[in-house]
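Novice: Hey, dropping coords_17.txt in here, compact mmCIF, C-alpha atoms:
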# COMPACT_ATOMS: atom_id res chain seq x y z
CA LEU A 1 0.00 0.00 0.00
CA GLU A 2 1.47 3.35 -1.06
CA LEU A 3 0.22 6.80 -0.10
CA ASP A 4 1.62 9.80 -1.97
CA GLY A 5 4.83 7.92 -2.75
CA PHE A 6 5.33 6.47 0.75
CA LYS A 7 5.47 2.75 1.28
CA ASN A 8 3.39 1.05 3.97
CA LYS A 9 5.00 1.48 7.43
CA GLU A 10 7.55 4.01 6.11
CA LEU A 11 8.27 7.11 8.19
CA MET A 12 7.12 10.31 6.48
CA GLY A 13 9.44 12.64 8.41
CA ILE A 14 6.62 15.07 9.21
CA PRO A 15 8.55 17.14 11.80
CA TRP A 16 11.41 17.81 9.39
CA ARG A 17 9.05 18.37 6.45
CA PHE A 18 7.34 21.05 8.54
CA ALA A 19 10.69 22.61 9.46
CA PHE A 20 11.75 22.79 5.82
CA ALA A 21 8.36 24.23 4.82
CA MET A 22 8.87 26.97 7.42
CA ARG A 23 12.29 27.69 5.90
CA ASP A 24 10.71 27.85 2.45
CA ALA A 25 8.23 30.38 3.89
CA GLY A 26 11.09 32.65 4.97
CA TRP A 27 11.64 31.61 8.59
CA TYR A 28 15.10 30.83 10.00
CA LEU A 29 15.41 27.34 11.48
CA ARG A 30 17.66 28.00 14.47
CA GLN A 31 17.51 24.94 16.69
CA GLU A 32 16.38 21.36 16.80
CA ILE A 33 15.72 20.17 20.34
CA ILE A 34 15.05 16.56 21.21
CA TRP A 35 12.45 16.06 23.93
CA SER A 36 13.40 12.83 25.67
CA LYS A 37 10.39 11.42 27.55
CA PRO A 38 11.59 9.36 30.53
CA ASN A 39 7.99 8.28 31.23
CA TYR A 40 6.90 7.75 27.62
CA THR A 41 3.70 5.91 26.77
CA PRO A 42 4.42 2.34 25.62
CA GLU A 43 3.29 1.48 22.11
CA LYS A 44 1.97 -1.86 20.92
CA VAL A 45 4.58 -2.36 18.21
CA ARG A 46 6.58 -5.44 17.36
CA ASP A 47 8.52 -4.45 14.25
CA ARG A 48 10.37 -1.30 15.41
CA PHE A 49 11.63 0.38 18.57
CA VAL A 50 9.22 2.31 20.81
CA LYS A 51 9.42 6.05 20.24
CA SER A 52 10.36 7.96 23.40
CA HIS A 53 11.22 11.37 21.98
CA GLU A 54 9.85 14.24 19.92
CA HIS A 55 11.36 17.10 17.95
CA ILE A 56 11.01 20.74 18.93
CA PHE A 57 12.11 23.40 16.46
CA LEU A 58 12.93 27.01 17.25
CA PHE A 59 12.45 29.51 14.43
CA ALA A 60 13.27 33.19 14.02
CA LYS A 61 11.82 35.71 11.59
CA MET A 62 15.19 37.40 10.92
CA ASP A 63 18.85 36.45 11.00
CA THR A 64 19.33 38.75 14.01
CA TYR A 65 17.05 37.76 16.85
CA TYR A 66 16.82 37.74 20.62
CA PHE A 67 18.30 34.78 22.49
CA ASP A 68 18.91 34.71 26.25
CA GLY A 69 20.79 31.51 27.05
CA ASP A 70 21.45 32.79 30.57
CA ALA A 71 17.72 32.58 31.33
CA THR A 72 17.80 28.79 31.05
CA ARG A 73 21.30 27.73 32.13
CA VAL A 74 21.63 24.33 33.75
CA SER A 75 24.28 22.91 36.05
CA SER A 76 26.80 20.71 34.29
CA GLU A 77 28.05 17.41 35.63
CA GLN A 78 31.55 18.89 35.72
CA GLY A 79 30.39 21.72 38.00
CA GLY A 80 29.33 25.24 37.22
CA ASP A 81 26.64 26.44 34.84
CA LYS A 82 26.48 25.98 31.06
CA LEU A 83 24.09 26.63 28.22
CA ARG A 84 21.31 24.10 28.07
CA PRO A 85 22.13 21.14 25.78
CA SER A 86 19.85 20.24 22.88
CA VAL A 87 18.42 17.05 24.41
CA TRP A 88 15.93 17.76 27.20
CA SER A 89 14.67 15.04 29.50
CA VAL A 90 11.27 16.25 30.70
CA PRO A 91 8.60 13.89 32.01
CA VAL A 92 5.26 13.77 30.25
CA SER A 93 2.67 15.43 32.49
CA THR A 94 -0.92 14.36 32.94
CA TYR A 95 -3.76 16.42 31.54
CA LYS A 96 -7.41 15.61 32.06
CA GLY A 97 -8.71 17.58 29.06
CA ALA A 98 -9.79 16.23 25.69
CA HIS A 99 -6.37 16.83 24.12
CA PHE A 100 -4.23 13.68 24.16
CA ALA A 101 -0.78 15.16 23.49
CA THR A 102 -0.23 18.22 25.66
CA PHE A 103 3.24 19.55 26.30
CA PRO A 104 4.30 19.89 29.93
CA PRO A 105 4.88 23.57 30.84
CA ALA A 106 8.45 22.68 31.96
CA LEU A 107 9.23 21.77 28.35
CA ILE A 108 7.94 25.05 26.91
CA GLU A 109 9.37 27.38 29.57
CA PRO A 110 13.01 27.34 28.37
CA CYS A 111 11.89 28.11 24.81
CA VAL A 112 9.82 31.11 25.93
CA LEU A 113 12.46 32.44 28.35
CA ALA A 114 15.38 32.10 25.94
CA GLY A 115 13.58 33.28 22.83
CA SER A 116 11.59 36.29 24.02
CA ARG A 117 11.61 39.28 26.33
CA PRO A 118 8.76 40.35 28.60
CA GLY A 119 6.21 42.09 26.37
CA ASP A 120 7.18 40.09 23.26
CA THR A 121 4.73 37.88 21.39
CA VAL A 122 5.28 34.12 21.18
CA LEU A 123 3.83 32.22 18.18
CA ASP A 124 2.76 28.59 18.51
CA PRO A 125 1.58 27.18 15.15
CA PHE A 126 0.21 24.09 16.92
CA GLY A 127 -1.69 25.78 19.76
CA GLY A 128 -3.46 22.67 21.04
CA SER A 129 -4.69 23.13 24.60
CA GLY A 130 -2.80 26.40 25.13
CA THR A 131 0.28 25.34 27.08
CA THR A 132 2.54 27.77 25.21
CA ALA A 133 0.13 30.64 25.79
CA GLY A 134 -0.06 29.81 29.49
CA VAL A 135 3.72 29.78 29.84
CA ALA A 136 4.06 32.97 27.79
CA LEU A 137 1.50 34.86 29.90
CA LYS A 138 3.02 33.53 33.13
CA HIS A 139 6.30 35.18 32.12
CA GLY A 140 4.87 38.47 30.89
CA ARG A 141 4.73 37.67 27.18
CA LYS A 142 1.81 37.70 24.74
CA ALA A 143 0.87 34.68 22.65
CA ILE A 144 -0.64 33.84 19.29
CA LEU A 145 -1.88 30.28 18.84
CA CYS A 146 -2.89 28.57 15.60
CA GLU A 147 -4.89 25.36 15.80
CA LEU A 148 -6.70 23.34 13.13
CA ASN A 149 -8.93 21.37 15.51
CA PRO A 150 -11.80 23.62 16.68
CA GLU A 151 -12.51 21.28 19.61
CA TYR A 152 -9.20 22.24 21.22
CA THR A 153 -10.12 25.92 21.37
CA THR A 154 -12.53 25.12 24.22
CA LEU A 155 -9.57 23.89 26.30
CA VAL A 156 -7.37 26.97 26.00
CA SER A 157 -8.93 29.30 28.59
CA SER A 158 -8.82 26.83 31.49
CA ARG A 159 -5.34 25.56 30.56
CA VAL A 160 -3.94 29.09 30.31
CA GLU A 161 -5.46 30.08 33.63
CA LYS A 162 -4.13 26.95 35.35
CA ILE A 163 -0.57 27.60 34.14
CA SER A 164 -0.43 31.40 34.35
CA GLY A 165 -3.15 32.45 36.76
CA VAL A 166 -4.45 34.79 34.02
CA SER A 167 -8.12 34.57 33.01
CA LEU A 168 -8.89 34.98 29.33
In structure tokens, write the structure found in this file.

Specialist:
Amino acid sequence: LELDGFKNKELMGIPWRFAFAMRDAGWYLRQEIIWSKPNYTPEKVRDRFVKSHEHIFLFAKMDTYYFDGDATRVSSEQGGDKLRPSVWSVPVSTYKGAHFATFPPALIEPCVLAGSRPGDTVLDPFGGSGTTAGVALKHGRKAILCELNPEYTTLVSSRVEKISGVSL
């Protein structure tokens, strides 16, 4: 069975296809981050390894952009502080809403703090339940969310308020 040139069971590379489409649209692809999920959800697969990570991409609109690595420094094993590495081990958090794949706020926070100043606007093209907006508002930023699934828009207000304490 083939679908648009892909063989059955073949990876389509959707995260990277999206990243390249953003580049084609004029955005600067600045960082690939690997989200390692120490408490990943087991899959019922027998013919490949279980996926326990996801890709996060950071984009900028211009070649000169704001980046505050000091806002998210972590302690190194050798002692002292260093810039955060590109593989982040953040546990999956529980969410009782109708969205099945919410990001934990601890995953989004370093992106917002390093990539924006208070008062800036953070764009999340996959708005989902509103985690990015909640983190942005919590830290004095504004947020724009895009979401294809209209059912998720009903989740945003309560999720944002829970994370940020701000009512929409």

Novice: Write out as a list of chain:residue names the residues lying within 12 Å of Ser52 (chain A), counting all atoms listed in the file and excluding same-chain residues fewer than 6 positions away.

Specialist: A:Ile34, A:Trp35, A:Ser36, A:Lys37, A:Pro38, A:Asn39, A:Tyr40, A:Thr41, A:Pro42, A:Glu43, A:Trp88, A:Ser89, A:Val90, A:Pro91, A:Val92

Novice: Let me see the file: selected residues, C-alpha atoms, as a PDB file, in the frame of the given file.

Specialist:
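Output file part15.pdb is given in full below:
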ATOM      1  CA  ILE A  34      15.050  16.560  21.210  1.00  0.00           C
ATOM      2  CA  TRP A  35      12.450  16.060  23.930  1.00  0.00           C
ATOM      3  CA  SER A  36      13.400  12.830  25.670  1.00  0.00           C
ATOM      4  CA  LYS A  37      10.390  11.420  27.550  1.00  0.00           C
ATOM      5  CA  PRO A  38      11.590   9.360  30.530  1.00  0.00           C
ATOM      6  CA  ASN A  39       7.990   8.280  31.230  1.00  0.00           C
ATOM      7  CA  TYR A  40       6.900   7.750  27.620  1.00  0.00           C
ATOM      8  CA  THR A  41       3.700   5.910  26.770  1.00  0.00           C
ATOM      9  CA  PRO A  42       4.420   2.340  25.620  1.00  0.00           C
ATOM     10  CA  GLU A  43       3.290   1.480  22.110  1.00  0.00           C
ATOM     11  CA  TRP A  88      15.930  17.760  27.200  1.00  0.00           C
ATOM     12  CA  SER A  89      14.670  15.040  29.500  1.00  0.00           C
ATOM     13  CA  VAL A  90      11.270  16.250  30.700  1.00  0.00           C
ATOM     14  CA  PRO A  91       8.600  13.890  32.010  1.00  0.00           C
ATOM     15  CA  VAL A  92       5.260  13.770  30.250  1.00  0.00           C
TER      16      VAL A  92
END

Novice: Using CA of Asp124 (chain A) and CA of Gly69 (chain A) as the two end points, give the distance in Å to one decimal.

Specialist: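 Atom-to-atom, CA of Asp124 (chain A) to CA of Gly69 (chain A), that is 20.2 Å.
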
Novice: Looking at all atoms listed in the file, which of A:Ser158, A:Ser86, A:Asn8, A:Ser164 is the one that sits closest to Cys111 (chain A)?

Specialist: A:Ser86

Novice: How many Å separate CA of Val112 (chain A) from CA of Ala25 (chain A)?

Specialist: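 Separation between CA of Val112 (chain A) and CA of Ala25 (chain A): 22.1 Å.
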
Novice: From the options A:Ile108, A:Thr102, A:Asp70, A:Leu123, which residue's atoms come nearest to Val156 (chain A), counting all atoms listed in the file?

Specialist: A:Thr102

Novice: Rank A:Thr153, A:Ser167, A:Ser76, A:Thr94 by their smallest atom-to-atom distance to Lys138 (chain A), using all atoms listed in the file, and report the top residue only.

Specialist: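 Using all atoms listed in the file, the shortest distance to Lys138 (chain A) belongs to A:Ser167.
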
Novice: For a test of reading the model, state the distance in Å between CA of Ser75 (chain A) and CA of Thr121 (chain A), rounded to one decimal.

Specialist: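 These atoms are spaced 28.7 Å apart.
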
Novice: Which one is closest to Ala106 (chain A): A:Ile14, A:Ala60, A:Val122, A:Ala136? Count all atoms listed in the file.

Specialist: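 For Ala106 (chain A), the nearest of the given residues is A:Ala136.
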
Novice: Using only C-alpha atoms, which of A:Arg23, A:Arg117, A:Lys9, A:His139 sits nearest Lys61 (chain A)?

Specialist: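 For Lys61 (chain A), the nearest of the candidates is A:Arg23.
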
Novice: Which one is closest to His53 (chain A): A:Leu155, A:Gly13, A:Tyr28, A:Ile33? Count only C-alpha atoms.

Specialist: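 Result for the nearest residue to His53 (chain A): A:Ile33.
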
Novice: Near Gly165 (chain A), counting all atoms listed in the file, which residues have an atom at most 9 Å away, once you skip same-chain residues fewer than 2 positions from it, shown as a list in words?

Specialist: Gly134, Leu137, Lys138, Val160, Glu161, Lys162, Ile163 and Ser167 of chain A

Novice: Please determine an axis-aligned box that encloses all atoms of region 131-135 of chain A listed in the file, with 6 Å added on each side, and express its centre and edge lengths in Å to one decimal as JSON.

Specialist:
{"center_x": 1.8, "center_y": 28.0, "center_z": 27.5, "size_x": 15.8, "size_y": 17.3, "size_z": 16.6}

Novice: Can you pull out the residues contacting Phe59 (chain A)? Cut-off 9 Å, using only C-alpha atoms, and skip same-chain residues under 6 positions away; I want them as a list in words.

Specialist: Ala19, Met22, Arg23, Trp27, Tyr28, Leu29, Arg30 and Gln31 of chain A

Novice: When you look at Ser116 (chain A) with a cut-off of 8 Å (counting all atoms listed in the file), what residues show up, excluding the ones that are within fewer than 2 positions of it in the same chain? I need them as number ranges by chain.

Specialist: A: 66-68, 112-114, 118, 120-122, 141
